[in-house]
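**Q** Following this line is work07.tsv, made up of TSV, C-alpha atoms:
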```
chain	number	residue	atom	x	y	z
N	601	MET	CA	134.24	149.71	130.38
N	602	THR	CA	131.89	151.91	132.44
N	603	ARG	CA	128.20	151.66	131.50
N	604	THR	CA	126.12	154.82	131.40
N	605	GLY	CA	123.02	156.50	129.98
N	606	ILE	CA	123.03	159.91	128.33
N	607	TYR	CA	120.38	162.61	128.60
N	608	VAL	CA	120.17	165.55	126.15
N	609	HIS	CA	117.92	168.48	127.03
N	610	PHE	CA	116.12	170.47	124.35
N	611	PRO	CA	114.52	173.36	126.29
N	612	PHE	CA	112.33	174.95	123.60
N	613	CYS	CA	108.54	174.72	123.40
N	614	LYS	CA	105.88	176.39	121.28
N	615	ARG	CA	104.10	177.34	124.49
N	616	LYS	CA	104.84	176.78	128.16
N	617	CYS	CA	102.22	174.57	129.83
N	618	PRO	CA	100.86	176.03	133.09
N	619	TYR	CA	101.51	172.89	135.17
N	620	CYS	CA	105.07	172.23	133.95
N	621	ALA	CA	108.03	172.77	136.28
N	622	PHE	CA	110.68	171.37	133.92
N	623	TYR	CA	113.03	173.97	132.50
N	624	SER	CA	111.73	175.14	129.14
N	625	VAL	CA	111.25	178.39	127.23
N	626	ALA	CA	108.75	179.41	124.56
N	627	ASP	CA	111.12	181.90	122.88
N	628	ARG	CA	113.05	179.93	120.25
N	629	GLY	CA	115.27	182.79	119.11
N	630	LEU	CA	118.32	181.12	120.63
N	631	GLU	CA	117.67	177.70	119.11
N	632	ALA	CA	120.21	177.75	116.25
N	633	ARG	CA	123.05	178.84	118.55
N	634	TYR	CA	121.89	176.37	121.18
N	635	MET	CA	122.13	173.43	118.81
N	636	LYS	CA	125.72	174.34	117.92
N	637	ALA	CA	126.59	174.89	121.58
N	638	ILE	CA	125.27	171.58	122.85
N	639	GLU	CA	127.02	169.72	120.03
N	640	ALA	CA	130.27	171.44	121.00
N	641	ASP	CA	129.67	170.59	124.66
N	642	ILE	CA	129.19	166.91	123.83
N	643	LEU	CA	132.38	166.79	121.76
N	644	ALA	CA	134.32	168.58	124.51
N	645	HIS	CA	133.37	165.89	127.03
N	646	ALA	CA	134.35	162.89	124.93
N	647	GLU	CA	134.98	159.73	126.96
N	648	PRO	CA	135.45	156.73	124.67
N	649	GLY	CA	135.69	154.56	127.79
N	650	LEU	CA	132.04	155.19	128.58
N	651	SER	CA	129.75	152.54	127.11
N	652	CYS	CA	126.32	154.01	126.48
N	653	ALA	CA	123.26	151.74	126.34
N	654	THR	CA	120.61	154.47	126.28
N	655	VAL	CA	120.20	158.01	124.95
N	656	TYR	CA	117.21	160.13	125.93
N	657	PHE	CA	116.25	163.43	124.29
N	658	GLY	CA	113.91	165.28	126.68
N	659	GLY	CA	112.62	168.77	127.13
N	660	GLY	CA	111.01	171.02	126.39
N	661	THR	CA	109.71	169.62	123.13
N	662	PRO	CA	112.49	167.72	121.32
N	663	SER	CA	110.17	166.98	118.39
N	664	LEU	CA	110.52	170.67	117.47
N	665	MET	CA	114.13	169.98	116.50
N	666	ARG	CA	115.04	169.78	112.85
N	667	PRO	CA	115.73	166.09	112.18
N	668	ASP	CA	119.15	166.96	110.73
N	669	GLY	CA	119.96	168.81	113.96
N	670	PHE	CA	118.87	165.77	115.96
N	671	LYS	CA	121.11	163.58	113.82
N	672	ALA	CA	124.06	165.93	114.33
N	673	LEU	CA	123.72	165.60	118.11
N	674	LEU	CA	123.39	161.83	117.92
N	675	ASP	CA	126.45	161.67	115.65
N	676	ALA	CA	128.39	163.79	118.17
N	677	LEU	CA	127.41	161.39	120.95
N	678	ARG	CA	128.56	158.42	118.90
N	679	GLU	CA	131.84	160.17	118.17
N	680	SER	CA	132.39	161.03	121.84
N	681	PHE	CA	131.19	157.87	123.59
N	682	THR	CA	130.93	154.17	122.83
N	683	VAL	CA	127.23	154.09	122.04
N	684	ASP	CA	125.92	150.54	121.72
N	685	ARG	CA	124.94	149.57	118.19
N	686	ASN	CA	121.46	148.64	119.46
N	687	ALA	CA	121.18	151.42	122.06
N	688	GLU	CA	117.74	152.60	123.06
N	689	VAL	CA	117.41	156.13	121.63
N	690	SER	CA	114.30	157.88	122.94
N	691	ILE	CA	112.78	161.19	121.89
N	692	GLU	CA	109.89	163.01	123.54
N	693	ALA	CA	107.27	164.46	121.22
N	694	ASN	CA	104.19	166.65	121.35
N	695	PRO	CA	101.43	165.33	119.06
N	696	GLY	CA	100.93	168.86	117.75
N	697	THR	CA	104.49	169.15	116.45
N	698	VAL	CA	104.90	166.03	114.30
N	699	THR	CA	103.94	164.80	110.85
N	700	GLY	CA	104.43	161.47	109.16
N	701	ARG	CA	107.39	162.98	107.32
N	702	SER	CA	109.09	164.39	110.43
N	703	LEU	CA	108.60	161.13	112.34
N	704	ALA	CA	110.14	159.15	109.47
N	705	ALA	CA	113.08	161.57	109.48
N	706	PHE	CA	113.65	161.15	113.24
N	707	ARG	CA	113.48	157.39	112.85
N	708	LYS	CA	115.96	157.44	109.96
N	709	ALA	CA	118.28	159.69	111.97
N	710	GLY	CA	118.51	157.09	114.72
N	711	ALA	CA	115.61	157.43	117.17
N	712	ASN	CA	114.00	154.06	117.86
N	713	ARG	CA	111.72	154.90	120.79
N	714	ILE	CA	109.26	157.80	120.94
N	715	VAL	CA	107.10	159.11	123.78
N	716	PHE	CA	104.08	161.30	123.03
N	717	GLY	CA	102.96	163.82	125.64
N	718	VAL	CA	99.30	163.15	124.90
N	719	GLN	CA	98.22	163.90	128.51
N	720	SER	CA	94.52	163.54	127.61
N	721	PHE	CA	92.08	162.63	124.86
N	722	SER	CA	89.59	165.18	126.21
N	723	GLY	CA	89.43	168.58	124.55
N	724	ARG	CA	88.38	170.18	127.83
N	725	ASP	CA	91.32	168.67	129.71
N	726	LEU	CA	93.78	169.64	126.99
N	727	GLU	CA	92.55	173.23	127.16
N	728	PHE	CA	92.96	173.29	130.94
N	729	LEU	CA	96.48	171.86	130.62
N	730	GLY	CA	97.41	174.49	128.02
N	731	ARG	CA	98.40	171.91	125.40
N	732	ILE	CA	98.91	173.01	121.79
N	733	HIS	CA	97.44	169.84	120.30
N	734	GLY	CA	93.89	168.56	120.07
N	735	ALA	CA	92.24	165.23	120.79
N	736	ALA	CA	92.31	164.25	117.10
N	737	GLU	CA	96.09	164.64	116.94
N	738	SER	CA	96.39	162.61	120.15
N	739	ARG	CA	94.49	159.77	118.50
N	740	THR	CA	96.57	159.71	115.29
N	741	CYS	CA	100.14	160.12	116.56
N	742	VAL	CA	100.71	156.47	117.46
N	743	GLY	CA	99.68	155.29	113.98
N	744	LEU	CA	101.94	157.88	112.36
N	745	ALA	CA	104.85	156.67	114.48
N	746	ARG	CA	104.19	153.05	113.56
N	747	ARG	CA	104.16	153.88	109.87
N	748	ALA	CA	107.43	155.77	110.36
N	749	GLY	CA	109.04	152.60	111.66
N	750	PHE	CA	109.00	153.08	115.46
N	751	GLU	CA	108.62	149.74	117.21
N	752	ASN	CA	108.52	151.19	120.73
N	753	VAL	CA	105.91	153.91	121.17
N	754	GLY	CA	104.86	155.46	124.46
N	755	ILE	CA	102.00	157.68	125.63
N	756	ASP	CA	102.01	159.99	128.67
N	757	LEU	CA	98.74	160.70	130.49
N	758	ILE	CA	97.82	162.95	133.41
N	759	TYR	CA	95.10	162.23	135.96
N	760	GLY	CA	93.75	164.09	138.99
N	761	LEU	CA	92.54	167.06	136.92
N	762	PRO	CA	89.75	169.24	138.30
N	763	GLY	CA	86.40	167.58	137.66
N	764	MET	CA	87.95	164.26	136.61
N	765	THR	CA	86.12	161.23	138.03
N	766	LEU	CA	87.28	157.63	138.07
N	767	ASP	CA	84.86	156.96	135.21
N	768	SER	CA	86.23	159.79	133.06
N	769	TRP	CA	89.81	158.78	133.90
N	770	ASN	CA	88.97	155.20	132.95
N	771	LEU	CA	87.92	156.44	129.51
N	772	GLN	CA	91.32	158.10	129.10
N	773	MET	CA	93.19	154.91	129.95
N	774	GLU	CA	90.98	152.86	127.65
N	775	ALA	CA	91.52	155.34	124.81
N	776	ALA	CA	95.29	155.15	125.25
N	777	ALA	CA	95.37	151.35	125.49
N	778	GLY	CA	93.09	151.09	122.45
N	779	LEU	CA	95.81	152.64	120.29
N	780	ARG	CA	98.09	149.72	121.18
N	781	PRO	CA	101.15	151.64	122.29
N	782	ASP	CA	103.98	149.73	123.95
N	783	HIS	CA	104.29	151.90	127.03
N	784	ILE	CA	101.99	154.20	129.02
N	785	SER	CA	102.97	156.59	131.80
N	786	CYS	CA	100.25	157.87	134.12
N	787	TYR	CA	101.19	160.91	136.19
N	788	SER	CA	99.08	162.55	138.87
N	789	LEU	CA	98.70	166.29	138.42
N	790	THR	CA	100.83	167.99	141.05
N	791	LYS	CA	101.11	171.52	142.34
N	792	GLU	CA	104.62	172.63	141.38
N	793	PRO	CA	105.81	175.82	143.10
N	794	GLY	CA	106.13	178.83	140.82
N	795	THR	CA	103.90	177.49	138.05
N	796	PRO	CA	100.73	179.20	136.81
N	797	LEU	CA	98.79	176.16	138.00
N	798	ALA	CA	100.05	176.69	141.53
N	799	ALA	CA	98.86	180.32	141.35
N	800	MET	CA	95.43	179.14	140.14
N	801	ILE	CA	95.16	176.70	143.03
N	802	ASP	CA	96.23	179.33	145.56
N	803	ALA	CA	93.66	181.74	144.13
N	804	GLY	CA	90.92	179.11	144.39
N	805	SER	CA	90.24	178.92	140.65
N	806	ALA	CA	91.46	175.31	140.44
N	807	ARG	CA	91.14	172.49	142.96
N	808	MET	CA	93.61	169.69	143.55
N	809	ALA	CA	92.44	166.21	144.48
N	810	SER	CA	92.40	165.45	148.19
N	811	ASP	CA	94.85	162.89	149.61
N	812	GLU	CA	92.11	160.25	149.74
N	813	GLU	CA	90.98	161.02	146.19
N	814	ALA	CA	94.59	160.82	144.98
N	815	ARG	CA	95.06	157.47	146.74
N	816	GLU	CA	91.86	156.08	145.26
N	817	ALA	CA	92.85	157.24	141.77
N	818	PHE	CA	96.33	155.73	142.14
N	819	LEU	CA	95.02	152.31	143.18
N	820	PHE	CA	92.39	152.38	140.43
N	821	THR	CA	95.05	153.28	137.85
N	822	HIS	CA	97.27	150.32	138.75
N	823	LYS	CA	94.35	147.89	138.76
N	824	ARG	CA	92.86	149.13	135.49
N	825	MET	CA	96.16	149.36	133.62
N	826	ALA	CA	96.93	145.74	134.48
N	827	GLU	CA	93.49	144.73	133.21
N	828	LEU	CA	94.21	146.59	129.97
N	829	GLY	CA	97.42	144.63	129.47
N	830	PHE	CA	99.91	147.13	130.86
N	831	PRO	CA	101.35	145.88	134.19
N	832	PHE	CA	103.32	148.43	136.18
N	833	TYR	CA	107.08	148.33	136.59
N	834	GLU	CA	107.45	151.70	138.38
N	835	VAL	CA	104.79	153.69	140.22
N	836	SER	CA	103.87	155.80	137.17
N	837	ASN	CA	105.03	153.54	134.34
N	838	PHE	CA	103.39	150.60	132.60
N	839	ALA	CA	104.57	148.44	129.70
N	840	ARG	CA	103.04	145.66	127.61
N	841	ALA	CA	106.12	143.50	128.15
N	842	PRO	CA	109.40	143.76	130.12
N	843	ARG	CA	111.40	144.30	126.91
N	844	LEU	CA	109.28	147.44	126.22
N	845	ARG	CA	110.12	149.18	129.49
N	846	CYS	CA	112.10	152.42	129.27
N	847	LEU	CA	115.68	151.22	129.74
N	848	HIS	CA	116.94	154.77	130.23
N	849	ASN	CA	114.65	155.48	133.17
N	850	LEU	CA	115.38	152.05	134.62
N	851	GLY	CA	119.00	153.20	134.81
N	852	TYR	CA	117.99	156.08	137.08
N	853	TRP	CA	115.89	153.81	139.31
N	854	ASP	CA	118.67	151.21	139.50
N	855	GLY	CA	121.22	153.82	140.58
N	856	ARG	CA	123.41	153.59	137.48
N	857	GLN	CA	125.67	156.33	136.16
N	858	TYR	CA	124.40	158.89	133.67
N	859	ARG	CA	125.61	161.97	131.81
N	860	GLY	CA	123.47	165.02	131.04
N	861	PHE	CA	123.91	167.78	128.46
N	862	GLY	CA	122.05	171.07	128.25
N	863	PRO	CA	120.63	173.53	130.80
N	864	SER	CA	119.13	171.87	133.92
N	865	ALA	CA	120.62	168.49	132.93
N	866	HIS	CA	122.15	166.36	135.70
N	867	SER	CA	125.03	163.88	135.72
N	868	PHE	CA	125.96	161.15	138.21
N	869	ASP	CA	129.15	159.08	138.32
N	870	GLY	CA	128.14	156.75	141.13
N	871	ARG	CA	129.32	159.06	143.90
N	872	ARG	CA	129.13	162.66	142.68
N	873	ARG	CA	126.09	164.43	141.26
N	874	SER	CA	126.52	167.56	139.14
N	875	TRP	CA	124.11	169.77	137.26
N	876	ASN	CA	123.92	172.61	134.78
N	877	ALA	CA	122.11	175.83	135.61
N	878	ALA	CA	118.59	176.16	134.20
N	879	SER	CA	119.32	178.89	131.65
N	880	ALA	CA	119.72	178.32	127.92
N	881	ALA	CA	121.19	181.81	127.49
N	882	ASP	CA	123.87	181.25	130.14
N	883	TYR	CA	124.59	177.77	128.79
N	884	VAL	CA	125.13	179.05	125.23
N	885	ALA	CA	127.22	182.01	126.38
N	886	ALA	CA	129.54	179.78	128.40
N	887	ILE	CA	130.05	177.21	125.63
N	888	GLU	CA	130.69	179.92	123.03
N	889	ALA	CA	133.28	181.46	125.36
N	890	GLY	CA	135.03	178.11	125.76
N	891	LEU	CA	133.95	177.80	129.40
N	892	PRO	CA	132.16	174.97	131.19
N	893	PRO	CA	128.43	175.57	131.56
N	894	PRO	CA	127.42	177.15	134.88
N	895	GLY	CA	126.04	174.81	137.49
N	896	GLY	CA	126.99	172.97	140.65
N	897	GLY	CA	127.69	169.61	142.19
N	898	GLU	CA	127.89	167.59	145.39
N	899	ASP	CA	129.68	164.50	146.63
N	900	LEU	CA	127.13	162.14	148.18
N	901	THR	CA	127.73	160.29	151.44
N	902	ASP	CA	126.98	156.60	151.87
N	903	ALA	CA	123.88	157.56	153.86
N	904	GLN	CA	122.63	159.81	151.06
N	905	LEU	CA	123.31	157.16	148.42
N	906	ALA	CA	121.54	154.54	150.52
N	907	SER	CA	118.55	156.79	151.10
N	908	GLU	CA	118.20	157.46	147.37
N	909	ARG	CA	118.58	153.75	146.58
N	910	VAL	CA	115.78	152.92	149.02
N	911	MET	CA	113.46	155.64	147.71
N	912	LEU	CA	113.94	154.72	144.05
N	913	ALA	CA	113.95	150.93	144.40
N	914	LEU	CA	110.76	150.84	146.47
N	915	ARG	CA	108.95	152.56	143.61
N	916	THR	CA	109.61	149.62	141.28
N	917	ALA	CA	107.88	146.28	140.81
N	918	GLU	CA	111.10	144.44	141.69
N	919	GLY	CA	111.48	146.31	144.98
N	920	LEU	CA	114.53	146.89	147.17
N	921	ASP	CA	117.37	144.38	147.33
N	922	MET	CA	118.31	144.80	151.01
N	923	GLU	CA	121.30	142.47	150.79
N	924	LYS	CA	122.80	144.47	147.94
N	925	LEU	CA	122.07	147.73	149.77
N	926	GLU	CA	123.91	146.50	152.87
N	927	ALA	CA	126.92	145.43	150.81
N	928	SER	CA	127.08	148.77	149.01
N	929	PHE	CA	126.15	151.63	151.33
N	930	ALA	CA	124.22	150.58	154.44
N	931	PRO	CA	125.66	147.77	156.60
N	932	GLY	CA	123.10	146.53	159.12
N	933	PHE	CA	120.11	147.96	157.25
N	934	ARG	CA	117.90	144.93	157.84
N	935	ALA	CA	118.62	144.74	161.55
N	936	ARG	CA	117.99	148.45	162.09
N	937	ASN	CA	114.69	148.34	160.25
N	938	SER	CA	113.32	144.92	161.18
N	939	ALA	CA	110.58	146.33	163.42
N	940	VAL	CA	109.52	148.97	160.89
N	941	VAL	CA	109.45	146.42	158.07
N	942	GLY	CA	107.48	144.02	160.23
N	943	ARG	CA	104.83	146.67	160.86
N	944	MET	CA	104.66	147.52	157.14
N	945	VAL	CA	104.14	143.86	156.28
N	946	GLY	CA	101.50	143.52	159.00
N	947	ASP	CA	99.70	146.62	157.69
N	948	GLY	CA	99.60	145.20	154.18
N	949	LEU	CA	101.95	147.86	152.77
N	950	ALA	CA	104.82	145.53	151.89
N	951	ARG	CA	105.94	141.93	151.63
N	952	GLU	CA	109.35	140.37	152.22
N	953	GLU	CA	110.80	137.92	149.73
N	954	GLU	CA	114.30	137.74	151.19
N	955	PRO	CA	116.42	139.65	150.32
N	956	MET	CA	113.78	141.77	148.55
N	957	LEU	CA	111.39	144.24	150.17
N	958	ILE	CA	108.48	144.81	147.79
N	959	LEU	CA	105.64	147.27	148.29
N	960	THR	CA	102.04	146.28	147.71
N	961	ALA	CA	99.69	148.55	145.75
N	962	GLU	CA	98.66	150.21	149.02
N	963	GLY	CA	102.32	150.71	149.88
N	964	LEU	CA	103.17	152.12	146.47
N	965	ALA	CA	100.50	154.78	146.99
N	966	VAL	CA	102.61	156.12	149.89
N	967	ALA	CA	106.05	154.96	148.70
N	968	ASP	CA	107.90	158.16	149.55
N	969	ALA	CA	106.50	158.21	153.09
N	970	ILE	CA	107.52	154.58	153.58
N	971	ALA	CA	111.05	155.28	152.34
N	972	ALA	CA	111.34	158.12	154.85
N	973	ARG	CA	110.53	155.68	157.70
N	974	LEU	CA	113.49	153.43	156.94
N	975	GLU	CA	116.80	154.22	158.62
N	976	CYS	CA	119.80	154.13	156.33
```
Rewrite the coordinates I just gave you, this time as structure tokens.

**A**
Amino acid sequence: MTRTGIYVHFPFCKRKCPYCAFYSVADRGLEARYMKAIEADILAHAEPGLSCATVYFGGGTPSLMRPDGFKALLDALRESFTVDRNAEVSIEANPGTVTGRSLAAFRKAGANRIVFGVQSFSGRDLEFLGRIHGAAESRTCVGLARRAGFENVGIDLIYGLPGMTLDSWNLQMEAAAGLRPDHISCYSLTKEPGTPLAAMIDAGSARMASDEEAREAFLFTHKRMAELGFPFYEVSNFARAPRLRCLHNLGYWDGRQYRGFGPSAHSFDGRRRSWNAASAADYVAAIEAGLPPPGGGEDLTDAQLASERVMLALRTAEGLDMEKLEASFAPGFRARNSAVVGRMVGDGLAREEEPMLILTAEGLAVADAIAARLEC
């Protein structure tokens, strides 16, 4: 039976954050029709032969969903696929959209892992980021989730904000760790084309960190998170224990198959990648008309698959299994890249533990550049 993970996109938000490039909309007028459409889409793509170990509800702001609507989608997934009895079922949440009652309802409906988009415990930073919640809500959401029965609780943070120093960033990490979550993600603020933040940067009203500042912040983050009891397992992700890592995201980084539902969602069957267009209106219209959602797809070559495997694996604590890569997509990979790997090891960017190639902290800071140097 084929193993897979399933992603469900909920594109609605109360307000669009100025830095966000994920597909989302603040107008929720289409929400009721959307929920019916995505349920119908799931049922239309039933594959009982697919064994599902993880389900991830992302967005957007999935915690805006009515819990009964969330349950209906999860029931449709269980009807359409062979969802493991103990599957990891994650839901993203904004601290400003939940209550103890709503969290208990999501937990009862089947969610067992929740990730809060806290981003910061600083009121000034939250205002800059355009978040709808305040620092007080950020500090209480983990406790509310615990009381609701969630045993795996995550917090997302953003660093590299204008005016943020290593000392002020350290306070953010300490505040997050002090709430005793199970998982923390630390993302560097990035300039995403077409976002209001990008326009602010271009206009000179906001300043991005320099490359050296970003490198220093990255290295400090990894060192400090380990000291706080959260060792890294992927460049931006830290967990208190291996069993508390996000299994769904590990599936992406390990190159496993996945299925996606909703606008902008992607699917991958091991060779072909397909995607839905980033439009809730077009998605709903197509499903209601009995048509497949608009989108596209591509069949990946061995070279493309190998390149993606290298890029993703090098970002993880386990590193790249070069022997497995050669057997799957890239015969002769080690021989072609022996000189490049030797230089990386000599420069302190990587270490070889045959057959694994593992990046050091310095290497992880430039992981994408290193991946681009390797010939697949």

**Q** Restricting the calculation to all atoms listed in the file: of N:Val753, N:Leu891, N:Ala865, N:Ala817, which residue gets closest to Leu844 of chain N?

**A**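 Ranked by minimum distance to Leu844 of chain N, first place goes to N:Val753.
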
**Q** Once you count all atoms listed in the file, what closest atom pair and distance in Å to one decimal does each residue of segment 768-853 of chain N within 7 Å of segment 908-924 of chain N have, with rows by chain and rising residue number, as JSON lines?

**A**
```
{"residue": "N:Phe832", "atom": "CA", "partner": "N:Ala917", "partner_atom": "CA", "distance": 6.8}
{"residue": "N:Tyr833", "atom": "CA", "partner": "N:Ala917", "partner_atom": "CA", "distance": 4.8}
{"residue": "N:Glu834", "atom": "CA", "partner": "N:Thr916", "partner_atom": "CA", "distance": 4.2}
{"residue": "N:Val835", "atom": "CA", "partner": "N:Arg915", "partner_atom": "CA", "distance": 5.5}
{"residue": "N:Trp853", "atom": "CA", "partner": "N:Leu912", "partner_atom": "CA", "distance": 5.2}
```

**Q** For a quick check of understanding, using all atoms listed in the file, which of N:Val884, N:Ala745, N:Ala826, N:Ala687 has the smallest distance to Ala704 of chain N?

**A** N:Ala745

**Q** Using all atoms listed in the file, collect all residues at a distance of at most 10 Å from (116.6, 153.8, 133.3) as written in the file, then present them as a ChimeraX atom specification.

**A** /N:604-605,653-654,656,845-858

**Q** Show me the residues around (123.3, 165.1, 127.7) - criterion: an atom at most 10 Å away, all atoms listed in the file counted - as a PyMOL selection string.

**A** chain N and resi 605-610+638-639+641-642+655-658+673+677+858-863+865-867

**Q** What's the separation between atom CA of Ile801 of chain N and atom CA of Pro695 of chain N, in Å to one decimal place?

**A**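 Straight-line distance from atom CA of Ile801 of chain N to atom CA of Pro695 of chain N works out to 27.3 Å.
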